file run-v3.tsv (TSV, C-alpha atoms and all ligand atoms)
chain	number	residue	atom	x	y	z
A	1	MET	CA	160.34	130.51	95.54
A	2	ARG	CA	163.86	129.77	96.76
A	3	TYR	CA	162.70	127.59	99.63
A	4	THR	CA	158.91	127.38	99.34
A	5	LYS	CA	157.74	126.24	95.90
A	6	VAL	CA	154.37	126.82	94.31
A	7	SER	CA	153.73	124.64	91.25
A	8	ARG	CA	151.76	125.82	88.21
A	9	SER	CA	148.82	123.78	89.46
A	10	GLY	CA	149.01	125.59	92.81
A	11	VAL	CA	150.61	122.89	94.96
A	12	VAL	CA	152.74	124.41	97.75
A	13	THR	CA	155.88	122.60	98.86
A	14	SER	CA	157.29	123.85	102.14
A	15	PRO	CA	161.07	124.15	102.72
A	16	PRO	CA	162.82	121.28	104.51
A	17	LEU	CA	162.96	123.55	107.56
A	18	SER	CA	160.67	126.55	107.99
A	19	GLN	CA	163.51	128.56	109.59
A	20	LEU	CA	165.17	128.80	106.17
A	21	SER	CA	162.68	131.47	105.15
A	22	TYR	CA	163.54	133.73	108.11
A	23	GLY	CA	167.07	134.78	107.03
A	24	ALA	CA	166.06	137.89	105.11
A	25	LEU	CA	163.83	139.06	107.98
A	26	ILE	CA	166.81	139.39	110.31
A	27	GLN	CA	168.30	142.29	108.33
A	28	GLY	CA	165.93	144.92	109.73
A	29	ARG	CA	166.89	144.04	113.29
A	30	VAL	CA	170.60	144.14	112.52
A	31	GLN	CA	170.16	147.61	111.07
A	32	MET	CA	168.29	148.75	114.15
A	33	ILE	CA	171.33	148.01	116.34
A	34	GLU	CA	174.13	149.58	114.37
A	35	GLY	CA	175.30	153.06	113.47
A	36	LYS	CA	175.98	153.80	109.84
A	37	LEU	CA	176.48	157.32	108.67
A	38	GLN	CA	174.77	156.83	105.33
A	39	TYR	CA	171.55	155.70	107.06
A	40	HIS	CA	171.76	158.73	109.33
A	41	ILE	CA	172.12	161.08	106.36
A	42	ARG	CA	169.43	159.26	104.41
A	43	GLY	CA	167.11	159.64	107.38
A	44	LEU	CA	167.74	163.38	107.52
A	45	LEU	CA	167.42	163.87	103.77
A	46	THR	CA	164.17	161.99	103.48
A	47	ASN	CA	162.87	163.50	106.71
A	48	SER	CA	162.05	159.99	107.94
A	49	PRO	CA	163.12	158.85	111.39
A	50	CYS	CA	166.62	157.36	111.45
A	51	ILE	CA	166.36	153.85	112.77
A	52	ASP	CA	169.73	152.81	114.12
A	53	SER	CA	170.18	152.76	117.90
A	54	ALA	CA	173.88	153.66	117.86
A	55	ASN	CA	173.23	156.53	115.45
A	56	ILE	CA	170.27	158.02	117.22
A	57	ALA	CA	171.78	157.68	120.69
A	58	SER	CA	174.91	159.47	119.45
A	59	LYS	CA	172.77	162.24	117.96
A	60	ALA	CA	170.90	162.74	121.27
A	61	LEU	CA	174.13	162.70	123.25
A	62	THR	CA	175.79	165.21	120.92
A	63	ILE	CA	172.96	167.65	121.65
A	64	ALA	CA	173.04	167.01	125.40
A	65	ILE	CA	176.82	167.11	125.79
A	66	ARG	CA	177.21	170.29	123.72
A	67	TYR	CA	174.50	171.96	125.78
A	68	ALA	CA	176.18	170.85	129.04
A	69	LEU	CA	179.42	172.50	127.89
A	70	VAL	CA	177.85	175.93	127.36
A	71	ARG	CA	174.96	176.11	129.80
A	72	ARG	CA	175.94	177.55	133.20
A	73	GLN	CA	173.74	177.19	136.27
A	74	PHE	CA	174.42	178.32	139.90
A	75	SER	CA	177.65	179.59	141.44
A	76	ALA	CA	179.74	177.80	144.03
A	77	ALA	CA	180.36	181.20	145.72
A	78	PRO	CA	178.61	184.59	145.42
A	79	SER	CA	181.38	186.20	143.31
A	80	ALA	CA	182.40	183.06	141.38
A	81	PRO	CA	181.26	182.54	137.79
A	82	GLU	CA	178.38	180.15	137.37
A	83	THR	CA	179.32	176.48	136.94
A	84	LYS	CA	179.03	174.73	133.59
A	85	LEU	CA	176.56	171.82	133.77
A	86	MET	CA	179.27	169.41	132.62
A	87	ASP	CA	181.46	170.37	135.59
A	88	TYR	CA	178.89	168.88	137.96
A	89	VAL	CA	179.99	165.30	138.66
A	90	ILE	CA	176.39	164.14	138.84
A	91	HIS	CA	175.85	165.51	135.33
A	92	GLN	CA	178.88	163.56	134.09
A	93	HIS	CA	177.43	160.43	135.71
A	94	ARG	CA	174.16	160.98	133.87
A	95	LEU	CA	175.68	161.40	130.41
A	96	LEU	CA	179.05	159.68	130.16
A	97	PRO	CA	177.96	156.07	130.87
A	98	LEU	CA	175.35	156.54	128.14
A	99	LEU	CA	178.09	157.78	125.81
A	100	ALA	CA	180.18	154.68	126.59
A	101	GLN	CA	177.12	152.49	126.01
A	102	THR	CA	176.58	154.15	122.64
A	103	PHE	CA	180.12	153.28	121.53
A	104	ALA	CA	179.38	149.71	122.66
A	105	PHE	CA	176.19	149.70	120.54
A	106	TYR	CA	178.23	150.86	117.55
A	107	PHE	CA	180.79	148.07	117.81
A	108	THR	CA	178.12	145.50	118.73
A	109	GLY	CA	176.28	146.49	115.55
A	110	LYS	CA	179.40	145.79	113.52
A	111	GLU	CA	179.72	142.30	115.06
A	112	VAL	CA	176.07	141.46	114.47
A	113	ARG	CA	176.42	142.68	110.88
A	114	LYS	CA	179.30	140.17	110.45
A	115	LEU	CA	177.11	137.37	111.82
A	116	TYR	CA	174.35	138.35	109.41
A	117	THR	CA	176.68	138.59	106.37
A	118	ASN	CA	178.10	135.16	107.19
A	119	LEU	CA	174.57	133.74	107.40
A	120	MET	CA	173.48	135.30	104.11
A	121	ASN	CA	176.62	134.03	102.34
A	122	LYS	CA	175.78	130.53	103.51
A	123	LEU	CA	172.13	130.85	102.51
A	124	ASN	CA	172.97	132.31	99.10
A	125	THR	CA	175.36	129.50	98.19
A	126	TYR	CA	173.16	126.76	99.64
A	127	LYS	CA	171.30	124.71	97.04
A	128	PRO	CA	168.26	123.16	98.72
A	129	ASP	CA	168.16	120.19	96.34
A	130	GLU	CA	171.87	119.35	96.41
A	131	ASN	CA	173.83	119.71	99.62
A	132	LYS	CA	171.36	118.46	102.22
A	133	ALA	CA	174.20	117.63	104.62
A	134	ASP	CA	174.92	121.37	105.01
A	135	LEU	CA	171.40	122.09	106.15
A	136	ALA	CA	171.92	121.34	109.85
A	137	ALA	CA	175.01	123.58	109.97
A	138	ILE	CA	173.17	126.45	108.28
A	139	VAL	CA	170.22	126.14	110.63
A	140	GLU	CA	172.61	126.38	113.60
A	141	VAL	CA	174.03	129.66	112.22
A	142	LEU	CA	170.50	130.85	111.49
A	143	LYS	CA	169.34	130.14	115.04
A	144	GLU	CA	172.34	131.94	116.54
A	145	THR	CA	171.98	134.96	114.24
A	146	HIS	CA	168.22	135.17	114.74
A	147	SER	CA	168.45	134.99	118.55
A	148	THR	CA	171.42	137.33	118.85
A	149	SER	CA	169.90	139.97	116.58
A	150	ALA	CA	166.50	139.64	118.30
A	151	GLY	CA	167.96	140.12	121.79
A	152	LEU	CA	170.26	142.94	120.74
A	153	LYS	CA	167.54	144.72	118.76
A	154	ALA	CA	165.47	144.80	121.96
A	155	PHE	CA	168.39	145.72	124.21
A	156	THR	CA	169.74	148.53	122.03
A	157	THR	CA	166.39	150.10	121.09
A	158	TRP	CA	165.32	150.14	124.75
A	159	GLY	CA	168.76	151.54	125.58
A	160	CYS	CA	168.54	154.21	122.91
A	161	LEU	CA	165.04	155.31	123.95
A	162	HIS	CA	166.26	155.59	127.54
A	163	THR	CA	169.27	157.61	126.32
A	164	ILE	CA	167.09	160.09	124.41
A	165	GLU	CA	164.89	160.61	127.48
A	166	GLN	CA	167.89	161.08	129.79
A	167	CYS	CA	169.39	163.57	127.33
A	168	ARG	CA	166.08	165.45	127.22
A	169	GLN	CA	166.05	165.76	131.01
A	170	THR	CA	169.66	166.98	131.14
A	171	LEU	CA	168.62	169.99	129.06
A	172	GLY	CA	166.13	171.02	131.74
A	173	GLY	CA	163.21	173.03	130.36
A	174	HIS	CA	164.87	173.41	126.95
A	175	GLY	CA	164.81	169.62	126.50
A	176	TYR	CA	161.03	169.70	126.38
A	177	SER	CA	161.06	172.36	123.68
A	178	LYS	CA	160.68	171.21	120.10
A	179	TYR	CA	163.79	173.30	119.30
A	180	SER	CA	166.02	170.82	121.18
A	181	GLY	CA	165.05	168.10	118.71
A	182	LEU	CA	164.86	165.58	121.55
A	183	SER	CA	161.11	165.49	122.13
A	184	VAL	CA	160.47	164.74	118.45
A	185	MET	CA	163.35	162.25	118.42
A	186	TYR	CA	161.79	160.35	121.34
A	187	ASN	CA	158.43	160.07	119.60
A	188	ASP	CA	160.01	159.03	116.33
A	189	PHE	CA	162.23	156.43	117.93
A	190	ALA	CA	159.68	154.84	120.28
A	191	VAL	CA	158.23	152.62	117.55
A	192	GLN	CA	161.59	150.80	117.26
A	193	CYS	CA	160.68	148.96	120.47
A	194	THR	CA	157.59	147.56	118.75
A	195	TRP	CA	158.11	147.04	115.04
A	196	GLU	CA	160.24	144.28	113.57
A	197	GLY	CA	159.03	142.37	116.63
A	198	ASP	CA	157.87	143.66	120.00
A	199	ASN	CA	160.93	143.87	122.30
A	200	THR	CA	159.43	141.75	125.07
A	201	ILE	CA	158.60	138.97	122.62
A	202	LEU	CA	162.09	139.14	121.10
A	203	MET	CA	163.64	138.86	124.55
A	204	LEU	CA	161.47	135.80	125.25
A	205	GLN	CA	162.73	134.25	122.00
A	206	LEU	CA	166.33	134.87	123.06
A	207	GLY	CA	165.55	133.39	126.48
A	208	ARG	CA	164.22	130.19	124.90
A	209	TYR	CA	167.33	129.88	122.73
A	210	LEU	CA	169.66	130.35	125.71
A	211	ILE	CA	167.86	127.80	127.84
A	212	SER	CA	167.80	125.15	125.12
A	213	SER	CA	171.46	125.90	124.28
A	214	TYR	CA	172.41	125.46	127.93
A	215	ARG	CA	170.63	122.12	127.99
A	216	GLU	CA	172.49	121.06	124.81
A	217	ALA	CA	175.82	122.15	126.33
A	218	LEU	CA	175.18	119.91	129.34
A	219	GLU	CA	174.59	117.07	126.89
A	220	GLY	CA	178.04	117.68	125.36
A	221	LYS	CA	177.37	120.00	122.43
A	222	THR	CA	180.05	122.59	121.64
A	223	HIS	CA	178.54	125.99	120.86
A	224	PRO	CA	179.84	128.75	118.52
A	225	ALA	CA	181.71	131.85	119.74
A	226	GLY	CA	178.64	133.78	120.93
A	227	LEU	CA	177.79	131.00	123.40
A	228	ALA	CA	181.35	129.85	124.09
A	229	TYR	CA	180.86	130.62	127.79
A	230	MET	CA	178.63	127.54	127.95
A	231	ASN	CA	181.32	125.22	126.56
A	232	ASN	CA	183.46	124.98	129.66
A	233	ARG	CA	182.71	121.62	131.25
A	234	ASN	CA	184.07	122.79	134.63
A	235	PRO	CA	182.89	126.38	134.85
A	236	VAL	CA	184.45	128.76	137.37
A	237	TYR	CA	181.95	131.07	139.01
A	238	ALA	CA	184.48	133.36	140.69
A	239	CYS	CA	185.86	136.33	138.77
A	240	LYS	CA	189.59	136.95	139.27
A	241	ALA	CA	189.15	140.74	139.45
A	242	MET	CA	189.91	141.95	142.97
A	243	ASN	CA	189.89	145.72	142.60
A	244	ARG	CA	188.77	148.50	140.26
A	245	GLU	CA	192.07	148.63	138.36
A	246	ASP	CA	191.66	144.99	137.32
A	247	PHE	CA	188.76	146.06	135.13
A	248	ALA	CA	191.17	147.91	132.85
A	249	ASP	CA	192.07	144.43	131.57
A	250	PRO	CA	189.70	143.48	128.70
A	251	ASP	CA	190.29	139.75	129.31
A	252	LEU	CA	189.04	140.10	132.88
A	253	ILE	CA	185.99	142.06	131.72
A	254	GLN	CA	185.26	139.29	129.23
A	255	GLN	CA	185.68	136.70	131.96
A	256	ALA	CA	183.37	138.61	134.29
A	257	TYR	CA	180.68	138.80	131.59
A	258	ASP	CA	181.09	135.06	130.88
A	259	ILE	CA	180.55	134.28	134.55
A	260	VAL	CA	177.50	136.53	134.89
A	261	SER	CA	176.00	135.18	131.65
A	262	LEU	CA	176.54	131.56	132.58
A	263	ALA	CA	175.21	132.00	136.12
A	264	THR	CA	172.10	133.82	134.82
A	265	VAL	CA	171.33	131.23	132.14
A	266	LYS	CA	172.01	128.39	134.57
A	267	ASP	CA	169.55	129.84	137.14
A	268	ALA	CA	166.87	130.30	134.46
A	269	ALA	CA	167.44	126.78	133.07
A	270	THR	CA	167.20	125.29	136.56
A	271	GLU	CA	163.94	127.15	137.22
A	272	HIS	CA	162.62	126.01	133.84
A	273	LYS	CA	163.47	122.36	134.56
A	274	THR	CA	161.87	122.53	138.01
A	275	ALA	CA	158.69	124.04	136.54
A	276	LEU	CA	158.47	121.22	133.96
A	277	LYS	CA	158.99	118.64	136.71
A	278	ASN	CA	156.14	120.25	138.65
A	279	GLY	CA	153.79	119.64	135.73
A	280	LYS	CA	153.91	123.01	133.92
A	281	ARG	CA	153.63	123.04	130.13
A	282	GLU	CA	156.67	124.21	128.11
A	283	ASP	CA	155.21	127.72	127.55
A	284	GLN	CA	154.21	128.02	131.23
A	285	ALA	CA	157.68	126.91	132.33
A	286	MET	CA	159.20	129.61	130.13
A	287	GLU	CA	156.98	132.24	131.74
A	288	VAL	CA	158.25	131.18	135.17
A	289	CYS	CA	161.93	131.56	134.33
A	290	CYS	CA	162.12	134.39	131.74
A	291	LYS	CA	162.22	137.63	133.69
A	292	LEU	CA	163.09	140.90	132.00
Q	1	LIG	C1	154.34	152.03	112.71
Q	1	LIG	C2	154.33	150.55	112.52
Q	1	LIG	C3	154.73	150.03	111.30
Q	1	LIG	C4	154.73	148.64	111.09
Q	1	LIG	N1	155.14	148.16	109.89
Q	1	LIG	C5	155.05	146.84	109.64
Q	1	LIG	C6	155.40	146.30	108.36
Q	1	LIG	O1	155.80	147.04	107.46
Q	1	LIG	N2	155.27	144.98	108.14
Q	1	LIG	C7	154.83	144.13	109.14
Q	1	LIG	O2	154.72	142.94	108.90
Q	1	LIG	N3	154.51	144.63	110.37
Q	1	LIG	C8	154.60	145.93	110.63
Q	1	LIG	N4	154.26	146.43	111.89
Q	1	LIG	C9	153.72	145.48	112.88
Q	1	LIG	C10	154.66	145.24	114.04
Q	1	LIG	O3	155.72	144.39	113.67
Q	1	LIG	C11	153.83	144.66	115.19
Q	1	LIG	O4	152.96	145.69	115.64
Q	1	LIG	C12	154.69	144.15	116.32
Q	1	LIG	O5	155.43	143.03	115.94
Q	1	LIG	C13	153.86	143.80	117.57
Q	1	LIG	O6	152.82	142.93	117.25
Q	1	LIG	P1	151.30	143.29	117.65
Q	1	LIG	O7	151.03	144.70	117.28
Q	1	LIG	O8	150.45	142.21	117.11
Q	1	LIG	O9	151.34	143.24	119.25
Q	1	LIG	P2	150.83	142.07	120.18
Q	1	LIG	O10	151.47	140.77	119.77
Q	1	LIG	O11	149.35	142.12	120.28
Q	1	LIG	O12	151.47	142.51	121.57
Q	1	LIG	C14	150.88	143.50	122.41
Q	1	LIG	C15	151.59	143.49	123.77
Q	1	LIG	O13	151.35	142.23	124.42
Q	1	LIG	C16	152.57	141.61	124.78
Q	1	LIG	N5	152.52	140.17	124.50
Q	1	LIG	C17	152.01	139.58	123.38
Q	1	LIG	N6	152.16	138.24	123.45
Q	1	LIG	C18	152.77	137.97	124.64
Q	1	LIG	C19	153.23	136.77	125.27
Q	1	LIG	N7	153.11	135.56	124.70
Q	1	LIG	N8	153.85	136.87	126.47
Q	1	LIG	C20	154.01	138.08	127.05
Q	1	LIG	N9	153.60	139.25	126.49
Q	1	LIG	C21	153.01	139.21	125.31
Q	1	LIG	C22	153.64	142.28	123.89
Q	1	LIG	O14	154.91	142.30	124.57
Q	1	LIG	C23	153.08	143.68	123.65
Q	1	LIG	O15	153.52	144.53	124.69
Q	1	LIG	C24	154.29	147.79	112.12
Q	1	LIG	C25	153.91	148.33	113.37
Q	1	LIG	C26	153.93	149.69	113.57
Q	1	LIG	C27	153.52	150.24	114.91
call {"tool": "encode", "arguments": {"input": "run-v3.tsv", "output": "structure tokens", "more": "lines below"}}
Ligand SMILES: Cc1cc2nc3c(=O)[nH]c(=O)nc-3n(C[C@H](O)[C@H](O)[C@H](O)COP(=O)(O)OP(=O)(O)OC[C@H]3O[C@@H](n4cnc5c(N)ncnc54)[C@H](O)[C@@H]3O)c2cc1C
result
Amino acid sequence: MRYTKVSRSGVVTSPPLSQLSYGALIQGRVQMIEGKLQYHIRGLLTNSPCIDSANIASKALTIAIRYALVRRQFSAAPSAPETKLMDYVIHQHRLLPLLAQTFAFYFTGKEVRKLYTNLMNKLNTYKPDENKADLAAIVEVLKETHSTSAGLKAFTTWGCLHTIEQCRQTLGGHGYSKYSGLSVMYNDFAVQCTWEGDNTILMLQLGRYLISSYREALEGKTHPAGLAYMNNRNPVYACKAMNREDFADPDLIQQAYDIVSLATVKDAATEHKTALKNGKREDQAMEVCCKL
């Protein structure tokens, strides 16, 4: 009843913009990205699957890393003690990038939570019948929060499912056993890629938002922080990093991501435009340029 009114005689009045009703629906996706201890504990206490990607990935990695620190397999020499799994470089390469990614999920979740809180504050103080001028600004925040949370829900739940499976394999035969906890965890978590929106569909929604935002940027619109890489009128497509050490500089990492993001969106937008020019419908043009 806040945005869509039903009168006593049953007449339905739709909100000025249908997107206004979506705000509350974003919460589930935000929660699926982040890691919050209380959700983790609640999940354990109620025996229901925990739903947060950062949480569940960290749980899987804790099991796999602890196992790798005690399990020994094969000796380098006949009289030498057997080698701990974690001392094999290839084992480190399997687990440690996933651990780094899990920290990134955790902090990403915090940022998306801020976006969501900001949106809900705006929606809660907005009075549909009074400040109509604020509507366009709120819808902009809504679109950004919806698209960001949709894309990141898909990215992190796919990432977490992959992490659980990699962890399972690093335990060898024990990973398949129910005692490891990982086989059950995989089954419980798999639904995250489907509910609250199928991941592929959410990625397509993000793709549409990025392409239309790129088009708007070319027309002179200035985008908020999440899309700031589109605001540069004279973009540079060459990253300044010249060697590995340069990537210890967070500013250069940010710049590298900006360049990759802009180049990727630009390529997709160009393909989309060409498809439209060649007579494809909007939905067909999207299919041509949105590749997972
Ligand atoms: C355990 C569980 C609990 C759920 N709980 C709830 C709930 O409480 N409330 C609620 O409202 N919903 C709930 N859902 C529903 C859930 O949100 C939907 O199942 C989900 O959004 C996917 O929709 P669908 O099943 O209709 O799949 P479909 O839309 O039929 O998709 C099937 C497949 O086709 C692909 N596909 C579909 N359209 C396209 C397209 N245009 N382009 C390319 N590929 C496409 C999809 O990527 C997917 O792989 C629940 C689902 C499950 C499994």
call {"tool": "axis_aligned_box", "arguments": {"input": "run-v3.tsv", "around": "stretch 15-28 of chain A", "padding_each_side": "3 Å", "output": "JSON"}}
result
{"center_x": 164.5, "center_y": 133.1, "center_z": 106.5, "size_x": 13.6, "size_y": 29.6, "size_z": 13.6}
call {"tool": "residues_near_ligand", "arguments": {"input": "run-v3.tsv", "ligand": "ligand LIG 1 (chain Q)", "cutoff": "9 Å", "atoms": "all atoms listed in the file", "output": "number ranges by chain"}}
result
A: 191-202, 204, 283, 287
call {"tool": "write_last_selection", "arguments": {"input": "run-v3.tsv", "atoms": "C-alpha atoms", "output": "short mmCIF file (atom, residue, chain, number, x, y, z; two decimals), in the coordinates of the input"}}
result
data_model
loop_
_atom_site.label_atom_id
_atom_site.label_comp_id
_atom_site.auth_asym_id
_atom_site.auth_seq_id
_atom_site.Cartn_x
_atom_site.Cartn_y
_atom_site.Cartn_z
CA VAL A 191 158.23 152.62 117.55
CA GLN A 192 161.59 150.80 117.26
CA CYS A 193 160.68 148.96 120.47
CA THR A 194 157.59 147.56 118.75
CA TRP A 195 158.11 147.04 115.04
CA GLU A 196 160.24 144.28 113.57
CA GLY A 197 159.03 142.37 116.63
CA ASP A 198 157.87 143.66 120.00
CA ASN A 199 160.93 143.87 122.30
CA THR A 200 159.43 141.75 125.07
CA ILE A 201 158.60 138.97 122.62
CA LEU A 202 162.09 139.14 121.10
CA LEU A 204 161.47 135.80 125.25
CA ASP A 283 155.21 127.72 127.55
CA GLU A 287 156.98 132.24 131.74
#
call {"tool": "atom_distance", "arguments": {"input": "run-v3.tsv", "atom1": "atom CA of A:Leu98", "atom2": "atom CA of A:Thr148"}}
result
21.7 Å
call {"tool": "residues_around", "arguments": {"input": "run-v3.tsv", "residues": "A:Glu219", "least_positions_apart": "5", "cutoff": "12 Å", "atoms": "all atoms listed in the file", "output": "list of chain:residue names"}}
result
A:Ser212, A:Ser213, A:Tyr214, A:Met230, A:Asn231, A:Arg233
call {"tool": "residues_around", "arguments": {"input": "run-v3.tsv", "residues": "A:Lys114", "least_positions_apart": "3", "cutoff": "12 Å", "atoms": "all atoms listed in the file", "output": "NGL selection string"}}
result
:A and (27 or 30-31 or 34 or 107-111 or 117-121 or 141 or 145 or 148-149)
call {"tool": "closest_residue", "arguments": {"input": "run-v3.tsv", "among": "A:Met1, A:Ala64, A:Leu115, A:Ala217", "to": "A:Ser21", "atoms": "all atoms listed in the file"}}
result
A:Met1
